[in-house]
>>> print(open('input35.txt').read())   # compact mmCIF, C-alpha atoms and all ligand atoms
# COMPACT_ATOMS: atom_id res chain seq x y z
CA MET A 868 123.81 87.34 128.02
CA ILE A 869 121.15 87.86 125.34
CA ASP A 870 121.91 90.31 122.66
CA LEU A 871 119.15 91.45 120.38
CA GLU A 872 120.94 94.73 119.93
CA ILE A 873 120.74 95.76 116.28
CA LYS A 874 124.33 96.47 115.33
CA GLN A 875 123.61 97.35 111.72
CA LYS A 876 120.22 98.61 110.67
CA ILE A 877 120.34 96.61 107.43
CA ASP A 878 120.09 93.48 109.61
CA CYS A 879 116.57 94.19 110.86
CA THR A 880 113.48 94.23 108.63
CA GLY A 881 111.11 95.32 111.42
CA CYS A 882 109.03 92.15 110.98
CA TYR A 883 107.89 92.06 114.62
CA ALA A 884 108.59 88.31 115.05
CA CYS A 885 110.66 89.00 118.21
CA PHE A 886 107.99 91.32 119.59
CA ASN A 887 105.32 88.65 119.07
CA ILE A 888 107.29 85.75 120.55
CA CYS A 889 108.64 87.35 123.73
CA PRO A 890 107.01 85.45 126.66
CA LYS A 891 107.56 88.44 129.00
CA ASN A 892 106.25 91.05 126.53
CA CYS A 893 109.40 92.99 127.25
CA ILE A 894 110.27 93.91 123.64
CA GLU A 895 109.01 97.26 122.41
CA MET A 896 109.19 98.25 118.75
CA GLU A 897 110.59 101.80 118.78
CA ASN A 898 110.79 104.28 115.92
CA ASP A 899 114.23 105.55 114.99
CA TYR A 900 114.57 109.11 113.73
CA GLU A 901 113.80 107.96 110.17
CA GLY A 902 110.52 106.48 111.42
CA PHE A 903 111.33 102.75 111.09
CA TRP A 904 110.59 100.24 113.87
CA TYR A 905 113.38 98.39 115.69
CA PRO A 906 113.13 96.11 118.75
CA LYS A 907 114.22 97.35 122.16
CA VAL A 908 114.51 94.84 124.98
CA ASP A 909 113.71 95.91 128.54
CA SER A 910 116.68 94.29 130.27
CA ASN A 911 115.02 94.51 133.70
CA GLU A 912 112.17 92.26 132.55
CA CYS A 913 114.13 90.02 130.16
CA ILE A 914 114.54 86.39 131.37
CA LYS A 915 117.22 85.65 128.74
CA CYS A 916 115.28 82.82 127.11
CA GLU A 917 116.72 83.88 123.72
CA GLN A 918 113.49 83.11 121.86
CA CYS A 919 113.79 86.52 120.19
CA ILE A 920 117.15 85.55 118.73
CA ARG A 921 115.98 82.14 117.57
CA VAL A 922 112.89 83.59 115.85
CA CYS A 923 114.71 86.29 113.85
CA PRO A 924 114.38 85.35 110.15
CA ILE A 925 117.59 87.21 109.34
CA LEU A 926 119.69 85.45 111.99
CA ASN A 927 118.09 82.10 111.06
CA LYS A 928 117.67 81.99 107.31
CA THR A 929 115.31 79.36 105.85
CA ILE A 930 116.53 77.81 102.62
CA VAL A 931 113.65 77.16 100.24
CA GLU A 932 114.02 74.65 97.44
CA ASN A 933 111.06 74.61 95.09
CA GLU A 934 110.18 75.00 91.43
CA PRO A 935 107.77 77.90 91.15
CA MET A 936 105.47 78.22 88.14
CA ALA A 937 104.64 81.67 86.81
CA TYR A 938 101.34 82.82 85.34
CA ALA A 939 100.02 85.95 83.71
CA CYS A 940 96.48 86.34 85.01
CA TYR A 941 93.62 88.60 85.95
CA ASN A 942 90.29 88.40 87.73
CA LYS A 943 87.28 88.10 85.37
CA ASP A 944 85.37 90.49 87.66
CA GLU A 945 86.02 93.89 86.01
CA ASN A 946 85.03 95.85 89.08
CA ILE A 947 87.41 94.02 91.42
CA ARG A 948 90.17 94.28 88.84
CA ILE A 949 89.78 98.04 88.45
CA ASN A 950 89.89 98.46 92.23
CA SER A 951 93.01 96.31 92.65
CA SER A 952 96.61 97.26 91.98
CA SER A 953 97.22 94.78 89.19
CA GLY A 954 94.92 91.89 88.18
CA GLY A 955 92.91 91.47 91.38
CA ILE A 956 94.26 88.00 92.21
CA PHE A 957 94.55 88.77 95.93
CA THR A 958 90.75 89.12 96.11
CA LEU A 959 90.14 85.79 94.34
CA VAL A 960 92.23 83.92 96.90
CA ALA A 961 90.86 85.92 99.84
CA GLU A 962 87.26 85.21 98.80
CA GLU A 963 88.01 81.49 98.56
CA ILE A 964 89.46 81.48 102.09
CA ILE A 965 86.46 83.41 103.47
CA ASN A 966 84.08 81.01 101.65
CA ARG A 967 85.64 78.18 103.60
CA GLY A 968 85.08 80.01 106.90
CA GLY A 969 88.63 81.37 107.08
CA VAL A 970 90.24 84.63 108.15
CA VAL A 971 92.22 87.04 105.94
CA PHE A 972 95.11 89.15 107.22
CA GLY A 973 96.16 92.07 105.07
CA VAL A 974 97.20 95.69 104.97
CA GLY A 975 94.84 98.62 105.34
CA PHE A 976 94.68 102.18 106.68
CA ASP A 977 93.80 102.92 110.29
CA GLU A 978 91.56 105.88 111.17
CA ASP A 979 94.51 108.30 110.81
CA PHE A 980 95.67 106.78 107.50
CA ASN A 981 98.68 105.05 109.03
CA VAL A 982 99.33 101.68 107.38
CA ALA A 983 98.88 98.52 109.44
CA HIS A 984 98.06 94.81 109.31
CA SER A 985 94.71 93.56 110.61
CA TYR A 986 92.24 90.80 109.75
CA VAL A 987 88.78 90.51 108.24
CA GLU A 988 86.27 87.67 108.09
CA SER A 989 83.77 88.78 105.44
CA TYR A 990 83.71 89.61 101.71
CA GLY A 991 82.52 93.17 102.31
CA GLU A 992 85.54 94.04 104.44
CA LEU A 993 88.10 92.91 101.83
CA ASP A 994 87.94 96.32 100.24
CA ARG A 995 90.13 97.56 103.12
CA PHE A 996 93.03 95.40 101.92
CA ARG A 997 92.57 95.80 98.18
CA GLY A 998 95.22 97.98 96.56
CA SER A 999 98.90 98.35 97.48
CA LYS A 1000 99.86 100.86 100.15
CA TYR A 1001 103.46 101.81 99.49
CA VAL A 1002 104.51 102.21 103.12
CA GLN A 1003 105.96 99.75 105.63
CA SER A 1004 102.98 98.19 107.36
CA LYS A 1005 102.93 97.79 111.14
CA ILE A 1006 102.54 94.08 112.01
CA GLY A 1007 101.70 94.73 115.70
CA ASP A 1008 100.45 91.52 117.34
CA THR A 1009 98.85 90.05 114.19
CA PHE A 1010 101.25 87.04 114.22
CA LYS A 1011 99.81 86.06 117.62
CA GLN A 1012 96.26 86.57 116.34
CA ALA A 1013 96.95 84.46 113.25
CA LYS A 1014 98.39 81.64 115.38
CA ASP A 1015 95.32 81.69 117.64
CA PHE A 1016 93.05 81.25 114.61
CA LEU A 1017 95.27 78.44 113.27
CA ASP A 1018 95.15 76.64 116.61
CA GLN A 1019 91.35 76.92 116.57
CA GLY A 1020 91.44 75.09 113.21
CA ARG A 1021 90.37 78.10 111.12
CA GLU A 1022 91.98 78.65 107.73
CA VAL A 1023 94.20 81.72 107.65
CA LEU A 1024 95.38 83.72 104.64
CA PHE A 1025 98.26 85.99 105.62
CA THR A 1026 99.47 88.56 103.06
CA GLY A 1027 102.52 90.79 103.33
CA THR A 1028 105.99 91.56 102.08
CA PRO A 1029 108.44 88.60 101.78
CA CYS A 1030 110.24 89.64 105.00
CA GLN A 1031 106.92 89.77 106.87
CA ILE A 1032 105.97 86.30 105.63
CA ALA A 1033 109.42 85.03 106.69
CA GLY A 1034 108.84 86.58 110.14
CA LEU A 1035 105.38 85.01 110.43
CA LYS A 1036 106.59 81.54 109.39
CA SER A 1037 109.48 81.72 111.81
CA TYR A 1038 107.15 82.82 114.62
CA ILE A 1039 104.59 80.07 113.84
CA GLY A 1040 107.47 77.58 113.88
CA LYS A 1041 105.74 74.57 112.33
CA ASP A 1042 103.77 73.58 109.25
CA TYR A 1043 100.09 74.32 109.57
CA ASN A 1044 97.95 72.85 106.78
CA ASN A 1045 95.42 75.62 107.37
CA LEU A 1046 97.91 78.48 106.80
CA PHE A 1047 98.09 80.03 103.33
CA CYS A 1048 100.62 82.80 102.67
CA MET A 1049 100.83 85.33 99.84
CA ASP A 1050 103.79 87.67 99.50
CA ASN A 1051 104.51 90.23 96.81
CA ILE A 1052 107.41 91.16 94.63
CA CYS A 1053 108.59 94.08 96.72
CA HIS A 1054 110.43 97.15 95.47
CA GLY A 1055 111.13 98.08 99.12
CA VAL A 1056 109.13 99.75 101.89
CA PRO A 1057 109.18 103.51 102.57
CA SER A 1058 109.26 104.96 106.07
CA PRO A 1059 105.91 105.37 107.89
CA LYS A 1060 107.19 108.76 109.11
CA VAL A 1061 107.72 109.96 105.53
CA TRP A 1062 104.18 108.80 104.72
CA ARG A 1063 102.81 110.67 107.78
CA LYS A 1064 104.58 113.86 106.64
CA TYR A 1065 103.05 113.47 103.21
CA VAL A 1066 99.48 112.95 104.51
CA ASP A 1067 99.90 116.01 106.77
CA PHE A 1068 101.26 118.01 103.81
CA ARG A 1069 98.24 117.10 101.64
CA GLU A 1070 95.79 117.92 104.45
CA ARG A 1071 97.45 121.30 105.00
CA LYS A 1072 97.26 122.07 101.27
CA SER A 1073 93.59 121.16 101.00
CA GLY A 1074 92.62 122.72 104.35
CA SER A 1075 90.64 119.59 105.16
CA LYS A 1076 91.00 116.11 106.67
CA VAL A 1077 91.47 113.24 104.27
CA GLN A 1078 88.63 110.72 103.97
CA ARG A 1079 89.93 108.28 101.31
CA ILE A 1080 93.32 107.53 99.74
CA SER A 1081 94.14 105.38 96.75
CA PHE A 1082 97.71 104.76 95.65
CA ARG A 1083 96.67 103.28 92.34
CA LEU A 1084 93.71 104.73 90.49
CA LYS A 1085 93.58 103.33 86.99
CA ASP A 1086 91.65 106.14 85.22
CA GLU A 1087 94.66 106.95 83.06
CA GLY A 1088 95.44 103.24 82.75
CA TRP A 1089 97.20 100.63 84.89
CA LYS A 1090 100.68 101.49 83.64
CA ARG A 1091 100.30 105.19 84.29
CA TYR A 1092 98.39 105.01 87.54
CA SER A 1093 97.47 107.96 89.77
CA VAL A 1094 97.56 108.67 93.48
CA SER A 1095 94.34 110.15 94.81
CA PHE A 1096 93.32 111.82 98.10
CA LEU A 1097 89.66 112.62 98.67
CA PHE A 1098 89.11 115.17 101.45
CA GLU A 1099 86.21 115.76 103.82
CA ASN A 1100 85.49 119.11 102.10
CA ASN A 1101 84.83 117.04 98.92
CA THR A 1102 87.91 118.28 97.08
CA GLU A 1103 90.27 115.81 95.51
CA TYR A 1104 94.01 115.79 94.90
CA ARG A 1105 95.10 113.52 92.08
CA ASP A 1106 98.34 113.12 90.13
CA ASN A 1107 100.12 110.33 88.30
CA LEU A 1108 103.03 108.33 89.67
CA ARG A 1109 105.64 110.40 87.85
CA ASN A 1110 104.46 113.71 89.33
CA ASP A 1111 103.15 112.77 92.77
CA PHE A 1112 105.75 113.86 95.34
CA TYR A 1113 105.41 110.77 97.52
CA MET A 1114 105.65 108.31 94.63
CA ARG A 1115 108.67 110.20 93.31
CA ALA A 1116 110.45 109.79 96.66
CA PHE A 1117 109.44 106.09 96.78
CA LEU A 1118 110.58 105.28 93.26
CA LYS A 1119 113.81 107.27 93.65
CA ASP A 1120 114.70 104.92 96.54
CA VAL A 1121 115.40 107.81 98.86
CA CYS A 1122 113.21 106.76 101.80
CA LEU A 1123 113.24 102.95 101.96
CA ARG A 1124 114.07 100.93 105.05
CA PRO A 1125 117.86 100.30 105.28
CA SER A 1126 117.34 96.50 105.03
CA CYS A 1127 115.59 96.96 101.66
CA TYR A 1128 118.86 97.99 100.00
CA ALA A 1129 120.32 94.58 100.85
CA CYS A 1130 117.13 92.53 100.97
CA GLU A 1131 117.65 88.90 102.00
CA PHE A 1132 114.33 87.82 100.47
CA LYS A 1133 114.89 88.66 96.82
CA THR A 1134 114.68 85.25 95.21
CA LEU A 1135 112.55 83.04 93.02
CA ASN A 1136 112.43 80.45 95.80
CA ARG A 1137 109.98 81.91 98.25
CA GLU A 1138 108.40 80.87 101.52
CA SER A 1139 104.88 81.92 100.53
CA ASP A 1140 102.39 79.74 98.63
CA ILE A 1141 101.70 82.41 96.01
CA THR A 1142 103.68 85.54 95.13
CA MET A 1143 101.75 88.41 93.57
CA ALA A 1144 103.06 91.23 91.37
CA ASP A 1145 102.36 93.50 88.45
CA PHE A 1146 103.09 91.87 85.13
CA TRP A 1147 105.33 94.64 83.83
CA GLY A 1148 106.31 93.88 80.23
CA ILE A 1149 103.06 92.00 79.50
CA GLN A 1150 102.61 94.12 76.35
CA ARG A 1151 105.83 92.56 75.04
CA ILE A 1152 105.39 88.98 76.28
CA LEU A 1153 101.62 88.42 75.88
CA PRO A 1154 100.07 91.50 74.24
CA GLU A 1155 96.68 89.74 74.05
CA MET A 1156 96.54 89.82 77.86
CA ASP A 1157 97.21 93.55 78.08
CA ASP A 1158 94.23 95.90 77.97
CA ASP A 1159 95.89 98.33 80.43
CA LYS A 1160 93.34 97.45 83.13
CA GLY A 1161 95.92 95.47 85.12
CA THR A 1162 97.52 92.07 84.65
CA SER A 1163 99.10 90.17 87.53
CA LEU A 1164 102.24 88.10 87.50
CA ILE A 1165 101.98 85.31 90.05
CA PHE A 1166 104.47 82.69 91.16
CA VAL A 1167 102.87 79.50 92.41
CA ASN A 1168 105.43 78.30 94.92
CA SER A 1169 103.95 75.23 96.61
CA PRO A 1170 101.44 72.39 96.16
CA LYS A 1171 99.05 74.41 98.36
CA GLY A 1172 99.44 77.33 95.97
CA GLN A 1173 98.75 75.05 92.99
CA ALA A 1174 95.63 73.62 94.67
CA MET A 1175 94.38 77.16 95.28
CA ILE A 1176 94.85 78.09 91.62
CA GLU A 1177 92.92 74.96 90.58
CA LYS A 1178 90.10 76.11 92.85
CA VAL A 1179 89.85 79.69 91.52
CA LYS A 1180 90.97 79.27 87.91
CA ASP A 1181 87.43 79.47 86.48
CA LYS A 1182 87.21 83.02 87.83
CA MET A 1183 90.33 84.24 86.07
CA ILE A 1184 91.95 84.57 82.68
CA TYR A 1185 95.42 83.01 82.88
CA LYS A 1186 98.36 81.73 80.92
CA LEU A 1187 101.51 79.90 81.99
CA VAL A 1188 104.67 81.93 81.28
CA ASP A 1189 108.40 81.43 81.54
CA ILE A 1190 109.37 82.74 84.97
CA HIS A 1191 112.79 84.03 83.86
CA GLN A 1192 111.31 85.95 80.94
CA ALA A 1193 108.67 87.47 83.23
CA VAL A 1194 111.27 88.49 85.82
CA SER A 1195 113.45 90.12 83.17
CA PHE A 1196 110.87 92.96 83.26
CA ASN A 1197 110.56 92.96 87.06
CA SER A 1198 114.00 92.94 88.60
CA ALA A 1199 112.57 93.76 92.05
CA ALA A 1200 111.82 90.03 92.32
CA ILE A 1201 115.47 89.15 92.60
CA LYS A 1202 117.51 92.34 93.04
CA SER A 1203 117.59 95.01 95.72
CA VAL A 1204 117.50 98.64 94.66
CA LYS A 1205 120.61 100.81 94.99
CA LEU A 1206 120.99 103.22 97.89
CA ASN A 1207 120.22 106.75 96.75
CA PRO A 1208 123.20 108.97 97.67
CA ASN A 1209 120.73 111.67 98.76
CA ARG A 1210 119.02 109.42 101.31
CA GLU A 1211 120.84 110.74 104.38
CA ASN A 1212 120.24 114.37 103.46
CA PHE A 1213 116.61 113.62 102.67
CA PHE A 1214 116.00 112.26 106.18
CA GLU A 1215 118.05 115.03 107.80
CA GLU A 1216 115.78 117.65 106.26
CA LEU A 1217 112.51 115.72 106.56
CA ASP A 1218 111.44 117.72 109.63
CA GLU A 1219 112.68 121.03 108.24
CA LEU A 1220 111.39 121.34 104.69
CA ASP A 1221 107.91 121.21 103.22
CA PHE A 1222 107.34 117.89 101.48
CA ASP A 1223 107.24 119.33 97.95
CA LYS A 1224 110.48 121.29 98.49
CA LEU A 1225 112.19 118.23 100.00
CA VAL A 1226 111.30 116.06 97.02
CA LYS A 1227 112.23 118.72 94.48
CA LYS A 1228 115.59 119.10 96.22
CA TYR A 1229 116.52 115.42 96.55
CA CYS A 1230 114.50 113.50 93.95
CA ALA A 1231 114.95 115.48 90.75
CA ASP A 1232 115.48 113.49 87.57
CA LYS A 1233 118.73 113.91 85.68
CA LEU A 1234 118.57 116.48 82.86
CA SER A 1235 118.95 113.73 80.22
CA ILE A 1236 115.90 111.88 81.59
CA ARG A 1237 113.84 115.10 81.75
CA VAL A 1238 114.72 115.90 78.11
CA LYS A 1239 113.89 112.32 77.00
CA ARG A 1240 110.53 112.47 78.79
CA LYS A 1241 109.70 115.84 77.22
CA ILE A 1242 110.47 114.46 73.74
CA ILE A 1243 108.24 111.42 74.35
CA THR A 1244 105.38 113.64 75.63
CA ILE A 1245 105.62 115.89 72.58
CA GLY A 1246 105.81 112.83 70.29
CA ILE A 1247 102.67 111.28 71.83
CA PHE A 1248 100.87 114.64 71.55
CA ILE A 1249 101.69 114.85 67.82
CA LEU A 1250 100.67 111.20 67.19
CA LYS A 1251 97.36 111.79 68.99
CA LYS A 1252 96.67 114.98 67.01
CA THR A 1253 97.40 113.21 63.69
CA GLY A 1254 95.35 110.13 64.70
CA THR A 1255 98.31 107.77 64.23
CA LEU A 1256 98.94 106.78 67.87
CA ASN A 1257 97.17 103.38 67.69
CA LEU A 1258 98.91 102.53 64.41
CA VAL A 1259 102.34 103.23 65.93
CA LYS A 1260 101.42 101.25 69.08
CA SER A 1261 100.47 98.18 67.03
CA ILE A 1262 103.69 98.40 64.97
CA LEU A 1263 105.75 98.63 68.19
CA ARG A 1264 103.92 95.59 69.65
CA LYS A 1265 104.65 93.48 66.55
CA ASN A 1266 108.33 94.31 66.90
C1 LIG B 1 105.53 98.01 99.30
C2 LIG B 1 105.17 97.27 98.03
C3 LIG B 1 106.08 97.21 96.98
C4 LIG B 1 105.76 96.52 95.80
N1 LIG B 1 106.67 96.48 94.79
C5 LIG B 1 106.37 95.82 93.65
C6 LIG B 1 107.32 95.74 92.57
O1 LIG B 1 108.43 96.28 92.65
N2 LIG B 1 106.97 95.04 91.45
C7 LIG B 1 105.75 94.42 91.35
O2 LIG B 1 105.48 93.82 90.31
N3 LIG B 1 104.84 94.47 92.35
C8 LIG B 1 105.12 95.14 93.49
N4 LIG B 1 104.21 95.17 94.52
C9 LIG B 1 102.97 94.36 94.40
C10 LIG B 1 101.84 95.04 93.64
O3 LIG B 1 101.77 96.41 94.00
C11 LIG B 1 100.48 94.41 93.96
O4 LIG B 1 100.32 94.30 95.37
C12 LIG B 1 100.32 93.04 93.42
O5 LIG B 1 100.43 93.11 92.03
C13 LIG B 1 98.96 92.41 93.82
O6 LIG B 1 97.96 93.03 93.16
P1 LIG B 1 96.45 92.47 93.13
O7 LIG B 1 95.73 93.28 92.09
O8 LIG B 1 96.38 90.98 93.02
O9 LIG B 1 95.93 92.73 94.61
P2 LIG B 1 95.48 94.03 95.37
O10 LIG B 1 94.03 94.08 95.57
O11 LIG B 1 96.15 95.20 94.87
O12 LIG B 1 95.98 93.56 96.85
C14 LIG B 1 96.85 94.18 97.61
C15 LIG B 1 97.52 93.11 98.48
O13 LIG B 1 98.73 93.68 98.92
C16 LIG B 1 98.76 93.71 100.33
N5 LIG B 1 99.40 94.95 100.71
C17 LIG B 1 98.96 96.22 100.49
N6 LIG B 1 99.81 97.10 100.99
C18 LIG B 1 100.82 96.40 101.57
C19 LIG B 1 101.98 96.76 102.30
N7 LIG B 1 102.29 98.03 102.56
N8 LIG B 1 102.78 95.78 102.75
C20 LIG B 1 102.48 94.47 102.53
N9 LIG B 1 101.39 94.06 101.84
C21 LIG B 1 100.57 95.03 101.37
C22 LIG B 1 97.30 93.62 100.79
O14 LIG B 1 97.21 93.07 102.07
C23 LIG B 1 96.72 92.72 99.71
O15 LIG B 1 97.00 91.40 100.02
C24 LIG B 1 104.50 95.87 95.69
C25 LIG B 1 103.57 95.94 96.75
C26 LIG B 1 103.90 96.63 97.92
C27 LIG B 1 102.89 96.69 99.04
>>> encode(input="input35.txt", output="structure tokens")
Amino acid sequence: MIDLEIKQKIDCTGCYACFNICPKNCIEMENDYEGFWYPKVDSNECIKCEQCIRVCPILNKTIVENEPMAYACYNKDENIRINSSSGGIFTLVAEEIINRGGVVFGVGFDEDFNVAHSYVESYGELDRFRGSKYVQSKIGDTFKQAKDFLDQGREVLFTGTPCQIAGLKSYIGKDYNNLFCMDNICHGVPSPKVWRKYVDFRERKSGSKVQRISFRLKDEGWKRYSVSFLFENNTEYRDNLRNDFYMRAFLKDVCLRPSCYACEFKTLNRESDITMADFWGIQRILPEMDDDKGTSLIFVNSPKGQAMIEKVKDKMIYKLVDIHQAVSFNSAAIKSVKLNPNRENFFEELDELDFDKLVKKYCADKLSIRVKRKIITIGIFILKKTGTLNLVKSILRKN
């Protein structure tokens, strides 16, 4: 008797490996009421081959033993860097793969601004994948597509969250020299349904369909990035990560997938060849590499990853760093976030309340944090007015 029944939701990351491997195509990925995908086996069609159980990266954990190296780095191409979430390292690697005739799998928006994996084969199309989309991406049948390209001898770059890379590797099942994987340090993935509600909310407010979304505009700087929606009526909504209702819900950990609160892939020993992240804390560790335009932290996890860096290093500014010091500013690399006690209520009222009311009700900062933030804002305002902001910044850096 095969049993792919998900007994506890924290045990399924929604990676789609089982969906992709089923020889009878009798596994559907169904949304639960929170909007996350889980497998459902059609028992009338199932031939009980158990491939779905053997492919599950949670039921069959891979132990990785390696010695990753960490770098602070950014792309020398200013334009790419500004249009990327951190230092634009994804694009450097993707361009190299395309140069060699390869295929790049990544995460973009579909025509309705849902978030999904797909592939591109040219430089011009890479724009679709640039920039983080803070939503769980739908893998669909991209694992099958990637394997087809690998079997044809094409090079494949596959990018995704660590659980998606684990799912892909488990599905592929053997070492392909022509497969290159990049994962990210992942805070956790919010529900696609919550994202849908937010897009609908913004469209209702503007009275127009959305035509472009960016999660990370750097106009106010990389550290204080903004979310932007451009609408067909040429109006724009824009606000920074602290005020934007969706980013508040994301960063308050109120709408992440259940498995993200007990993530099995938080480790320095990763299955990908390169891990990409923001280099939070760069102003403290290497201030000379911080111009607030975005600096990446990368882990180079394998000889393939090292060979790639050798290939692209002339196109980037980089410096070797101590991995433990770097991670001390980016705990998402190794630690899951805590479950927000409001999470259940948030999802219960998701269909009832307007998005702004929902977030105000369940994602408010504590009074002490609000007071602290107000004091900092007033302090910065005074320093700006008296022309002493840069002086204070340089004193703080030296300390
Ligand atoms: C859900 C999520 C959570 C993250 N959490 C953290 C964190 O806590 N700390 C941290 O330092 N960095 C985090 N990152 C990584 C960070 O946002 C940047 O992706 C990373 O710094 C790479 O930036 P870049 O400038 O090199 O590339 P960019 O041009 O920004 O490239 C984006 C890359 O991310 C991939 N991508 C985009 N959206 C998704 C998605 N929804 N799921 C999977 N892959 C996606 C694209 O395919 C592409 O490969 C997170 C990313 C995501 C998607």
>>> atom_distance(input="input35.txt", atom1="CA of Tyr1113 (chain A)", atom2="CA of Thr1162 (chain A)")
24.0 Å
>>> closest_atom_pairs(input="input35.txt", of="region 910-936 of chain A", to="region 882-904 of chain A", cutoff="7 Å", atoms="only C-alpha atoms", output="Markdown table")
| residue | atom | partner | partner_atom | distance |
| --- | --- | --- | --- | --- |
| A:Glu912 | CA | A:Cys893 | CA | 6.0 |
| A:Cys913 | CA | A:Cys893 | CA | 6.3 |
| A:Gln918 | CA | A:Cys889 | CA | 6.7 |
| A:Cys919 | CA | A:Cys885 | CA | 4.5 |
| A:Val922 | CA | A:Cys885 | CA | 6.3 |
| A:Cys923 | CA | A:Cys885 | CA | 6.5 |
>>> closest_atom_pairs(input="input35.txt", of="chain A", to="ligand LIG 1 (chain B)", cutoff="6 Å", atoms="all atoms listed in the file", output="tab-separated table")
residue	atom	partner	partner_atom	distance
A:Ser951	CA	B:LIG1	O10	3.8
A:Ser952	CA	B:LIG1	O11	3.6
A:Ser953	CA	B:LIG1	O7	3.6
A:Gly954	CA	B:LIG1	O7	4.2
A:Gly955	CA	B:LIG1	O7	3.4
A:Ile956	CA	B:LIG1	O8	3.7
A:Phe957	CA	B:LIG1	O8	4.1
A:Thr958	CA	B:LIG1	O10	6.0
A:Gly973	CA	B:LIG1	O14	3.3
A:Val974	CA	B:LIG1	O14	3.9
A:Phe996	CA	B:LIG1	C22	4.8
A:Arg997	CA	B:LIG1	O10	3.4
A:Gly998	CA	B:LIG1	O11	3.4
A:Ser999	CA	B:LIG1	C17	3.7
A:Lys1000	CA	B:LIG1	N6	3.9
A:Tyr1001	CA	B:LIG1	C1	4.3
A:Val1002	CA	B:LIG1	N7	4.8
A:Gln1003	CA	B:LIG1	N7	5.1
A:Ser1004	CA	B:LIG1	N7	4.9
A:Thr1026	CA	B:LIG1	O15	4.8
A:Gly1027	CA	B:LIG1	C20	3.8
A:Thr1028	CA	B:LIG1	C20	4.6
A:Asn1051	CA	B:LIG1	C9	5.0
A:Ile1052	CA	B:LIG1	C8	4.7
A:Cys1053	CA	B:LIG1	N1	3.6
A:His1054	CA	B:LIG1	O1	3.6
A:Gly1055	CA	B:LIG1	C3	5.6
A:Val1056	CA	B:LIG1	C1	4.8
A:Met1143	CA	B:LIG1	C12	4.8
A:Ala1144	CA	B:LIG1	O5	3.3
A:Asp1145	CA	B:LIG1	O2	3.6
A:Ser1163	CA	B:LIG1	O5	5.5
A:Ala1199	CA	B:LIG1	O1	4.9
>>> closest_residue(input="input35.txt", among="A:Val931, A:Cys1127, A:Val1066, A:Ala961", to="Ala1033 (chain A)", atoms="all atoms listed in the file")
A:Val931
>>> closest_residue(input="input35.txt", among="A:Ala1193, A:Ile947, A:Tyr905, A:Lys1041", to="Lys876 (chain A)", atoms="all atoms listed in the file")
A:Tyr905
>>> atom_distance(input="input35.txt", atom1="CA of Pro924 (chain A)", atom2="CA of Glu872 (chain A)")
15.1 Å
>>> atom_distance(input="input35.txt", atom1="CA of Cys879 (chain A)", atom2="CA of Pro1125 (chain A)")
8.4 Å
>>> residues_around(input="input35.txt", residues="Asp1181 (chain A)", least_positions_apart="5", cutoff="10 Å", atoms="only C-alpha atoms", output="CSV table (one decimal) with C-alpha atoms, in the frame of the given file")
chain,number,residue,atom,x,y,z
A,942,ASN,CA,90.3,88.4,87.7
A,943,LYS,CA,87.3,88.1,85.4
A,1176,ILE,CA,94.8,78.1,91.6
>>> closest_residue(input="input35.txt", among="A:Phe1096, A:Tyr938, A:Phe1082, A:Phe1214", to="Leu1153 (chain A)", atoms="only C-alpha atoms")
A:Tyr938
>>> closest_atom_pairs(input="input35.txt", of="region 1116-1186 of chain A", to="region 1223-1226 of chain A", cutoff="12 Å", atoms="only C-alpha atoms", output="tab-separated table")
residue	atom	partner	partner_atom	distance
A:Ala1116	CA	A:Val1226	CA	6.3
A:Phe1117	CA	A:Val1226	CA	10.1
A:Leu1118	CA	A:Val1226	CA	11.4
A:Lys1119	CA	A:Val1226	CA	9.7
A:Asp1120	CA	A:Val1226	CA	11.7
A:Val1121	CA	A:Val1226	CA	9.4
A:Cys1122	CA	A:Val1226	CA	10.6
>>> residues_around(input="input35.txt", residues="Ile925 (chain A)", least_positions_apart="6", cutoff="9 Å", atoms="only C-alpha atoms", output="list in words")
Asp878, Cys879, Thr880, Cys1030, Ala1033, Gly1034 and Glu1131 of chain A
>>> closest_residue(input="input35.txt", among="A:Ser1139, A:Ser1058, A:Ser985, A:Thr1255", to="Pro1170 (chain A)", atoms="all atoms listed in the file")
A:Ser1139
>>> closest_residue(input="input35.txt", among="A:Ser1081, A:Asn1101, A:Gln1150, A:Ser1073", to="Ala939 (chain A)", atoms="all atoms listed in the file")
A:Gln1150
